[in-house]
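Report on the structure given below.
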Amino acid sequence: MSVLPSSPRPLAIALAGLVALAVAMGIGRFAFTPLLPLMLSERSLTLAGASVLASANYFGYLLGALACTFQPWLWRRFGWSPAVNGPRLVRIGLAVTALLTLAMAWDWTPAWTLLRFAAGVASAVVFLYTSGWCLEQLARRGVPAMGALIYVGPGAGIVASGLAATALVQWGAPAAVGWVTFGVLAVVLIALVWNVFHVGHGIAAPAAGGSGLAAAAPAPQAGNLEMGLLAGAYGLAGIGYIITATFLPVIARQALPESHWLDLFWPLFGAGVMLGAIGASRLPAGGDLRVRLAICYFMQAAGVCASLVSPTLAGFAIGSLLLGLPFTAITFFGMQEVRRVRPQQAASFMGLLTAVYGAGQIAGPPLAAWLVARSATPAAGFALSLWIATGLLVFGALLYLALAHRFPMPRAISAAPPGVPAPRG
């Protein structure tokens, strides 16, 4: 990508954001999923250990996101300027993500938990500051809608890492080779966009759950009950999807041990994320976002239980796609709903929803490992955990519908116009 550091073009900015998020999410957060079967087969990791590594990464992401969200407040408390150089932090976060990915090839199990935790923190920094800087720069150039492109990045990264892992499995390569491969891939991708994130291109705070859109028209402030139910329903999505997103290749191998297509379910999930990111930004304005959230939850619930109802190639393929499609839309709609019901304290309550969602992500893998350890077979344990996840997603959808019924939208107030998806917690 040939771009002059002094004046990046809008398309270069959007593609740089796409690549940065592909590295941060597709590699920094989710490369572990397609490599997990290799690590389990080598016995370098147990299922319980895998759940610890997954939760460590999600916990790091949660802390990193909260640190970025509250950075201006913390800086002011110490008398420092709240402004930060977004491009510099993106560069640092990308470089750290690549180094931590390469370090996972180091055959020293005690270090893996710390490495995955740190990778989660770095991923959050890249995700939030990339969002903030890219959306600001595109808005300055008069093309804010182009920001939708950058949120295709996480899905693209998942697809790339999944296909690479498929090739490694076919070649019989060890997991360490996989981590090195992903680390080198990250370095190559970072080199392509390094000059776009030039430290002189401007200073921007992270888009903490926002999308660079103007807030919705002023509305009466929601009460504690409404906000509590909204946060609770949003958090259920974290635990509802994460078990499948962490253990999908393992679950598929147990159900279809002789299939040659097992490693393609994870890339299919990534393709769904890409399509959903584009689709969420193209929906017409207006309507009750809580109803849209309920539809997204029902869709993910159908995706989670598809492989339970039909443990076949078709069942896993449909489930992977349905799980991925609402992945970005859920956060997009949830954060816009916060803007509507608490416009004066939107940032604070976006942080609350991010924290609750993150807590669900952290709880999911240990729950699955605990059930597997106490079930007659691993397949039975995974099935039980997935039925629980399905039930939580359905319950969350019903909560949103109850909210829409109990707290109807004023006729004069409409949802903020769709733009680009907000950063995912």
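Following the order of the structure tokens, chains are lettered A, B, ..., residues in each are numbered from 1, and ligands are numbered from 1.
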
Give me, as CSV, each residue of range 108-139 of chain A that comes within 12 Å of range 352-367 of chain A, together with its shortest interatomic pair and the distance in Å at one decimal, counting only C-alpha atoms, with rows ordered by chain and rising residue number.
```
residue,atom,partner,partner_atom,distance
A:Phe117,CA,A:Ile362,CA,11.5
A:Gly120,CA,A:Gly358,CA,11.4
A:Ala124,CA,A:Thr354,CA,11.5
```

Dump of N, CA and C atoms for the selected residues, as a short mmCIF file (atom, residue, chain, number, x, y, z; two decimals), in the first residue's frame:
```
data_model
loop_
_atom_site.label_atom_id
_atom_site.label_comp_id
_atom_site.auth_asym_id
_atom_site.auth_seq_id
_atom_site.Cartn_x
_atom_site.Cartn_y
_atom_site.Cartn_z
N PHE A 117 -3.10 -13.10 28.04
CA PHE A 117 -3.67 -11.93 28.72
C PHE A 117 -3.16 -10.64 28.07
N GLY A 120 -4.67 -9.90 24.78
CA GLY A 120 -6.01 -9.34 24.90
C GLY A 120 -5.97 -7.84 25.15
N ALA A 124 -7.37 -4.84 22.51
CA ALA A 124 -8.32 -3.80 22.87
C ALA A 124 -7.79 -2.43 22.50
#
```

Practice item. Determine, counting only C-alpha atoms, which protein, DNA and RNA residues have an atom within 7 Å of an atom of Ile27 in chain A; residues of the same chain fewer than 6 positions away are not included. Present the result as a VMD selection string. Key: chain A and resid 157 161 182

Check your understanding: Using only C-alpha atoms, which of A:Trp73, A:Leu322, A:Ala389, A:Arg292 sits nearest Ala404 in chain A?
Key -> A:Arg292

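Taking CA of Ala48 in chain A and CA of Pro378 in chain A as endpoints, the distance between them is 11.8 Å.
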
Revision key, fill the gap. Correct to one decimal, the distance CA of Val196 in chain A-CA of Arg140 in chain A is 15.6 Å

Exercise for review: Write out as JSON, numbers by chain all residues of range 45-270 of chain A that backbone DSSP assigns to helix (DSSP H, G or I).
Suggested key: {"A": [47, 48, 49, 50, 51, 52, 53, 54, 55, 56, 57, 58, 59, 60, 61, 62, 63, 64, 65, 66, 67, 68, 69, 71, 72, 73, 74, 75, 76, 77, 86, 87, 88, 89, 90, 91, 92, 93, 94, 95, 96, 97, 98, 99, 100, 101, 102, 103, 109, 110, 111, 112, 113, 114, 115, 116, 117, 118, 119, 120, 121, 122, 123, 124, 125, 126, 127, 128, 129, 130, 131, 132, 133, 134, 135, 136, 137, 138, 139, 140, 144, 145, 146, 147, 148, 149, 150, 151, 152, 153, 154, 155, 156, 157, 158, 159, 160, 161, 162, 163, 164, 165, 166, 167, 168, 169, 170, 171, 175, 176, 177, 178, 179, 180, 181, 182, 183, 184, 185, 186, 187, 188, 189, 190, 191, 192, 193, 224, 225, 226, 227, 228, 229, 230, 231, 232, 233, 234, 235, 236, 237, 238, 239, 240, 241, 242, 243, 244, 245, 246, 247, 248, 249, 250, 251, 252, 253, 254, 255, 262, 263, 264, 265, 266, 267, 268, 269, 270]}

Review point. Quick one: residues within 10 Å of range 86-95 of chain A, only C-alpha atoms counted, chain neighbours fewer than 4 positions away excluded, as a ChimeraX atom specification?
Key: /A:17,20-21,23-24,28,99-100,119,121-134,186-187,189-191,193-206

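Pairwise distance (CA of Ala160 in chain A, CA of Val180 in chain A) equals 14.5 Å.
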
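Minimum distance to Thr246 in chain A across A:Ala98, A:Val291, A:Phe269, A:Pro144 (counting only C-alpha atoms) occurs at A:Phe269.
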
Point to revise | Shell of 8 Å around Leu18 in chain A, only C-alpha atoms, local chain residues under 6 positions omitted, as an MDAnalysis selection string | key: chainID A and resid 149:154

For the residues in the current selection, export C-alpha atoms as a CSV table (one decimal), in the first residue's frame.
```csv
chain,number,residue,atom,x,y,z
A,149,LEU,CA,-15.1,-1.0,5.8
A,150,ILE,CA,-12.8,-1.2,8.8
A,151,TYR,CA,-15.3,-3.4,10.7
A,152,VAL,CA,-14.9,-6.1,8.0
A,153,GLY,CA,-11.4,-6.6,9.4
A,154,PRO,CA,-12.2,-8.9,12.4
```

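Of the listed residues (A:Gln300, A:Thr109, A:Ser375, A:Ser310), A:Gln300 comes nearest to Ile242 in chain A; the distances count only C-alpha atoms.
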
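Distances from A:Ala56, A:Leu45, A:Ala148, A:Ala111 to Leu15 in chain A were compared using only C-alpha atoms, and the smallest one belongs to A:Ala148.
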
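Nearest residue to Met274 in chain A among A:Leu293, A:Leu36, A:Ala156, A:Ala252 is A:Ala156, counting only C-alpha atoms.
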
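With distances restricted to only C-alpha atoms, A:Ala397 is the closest residue to Ile295 in chain A from A:Ala397, A:Leu38, A:Ala105, A:Ala383.
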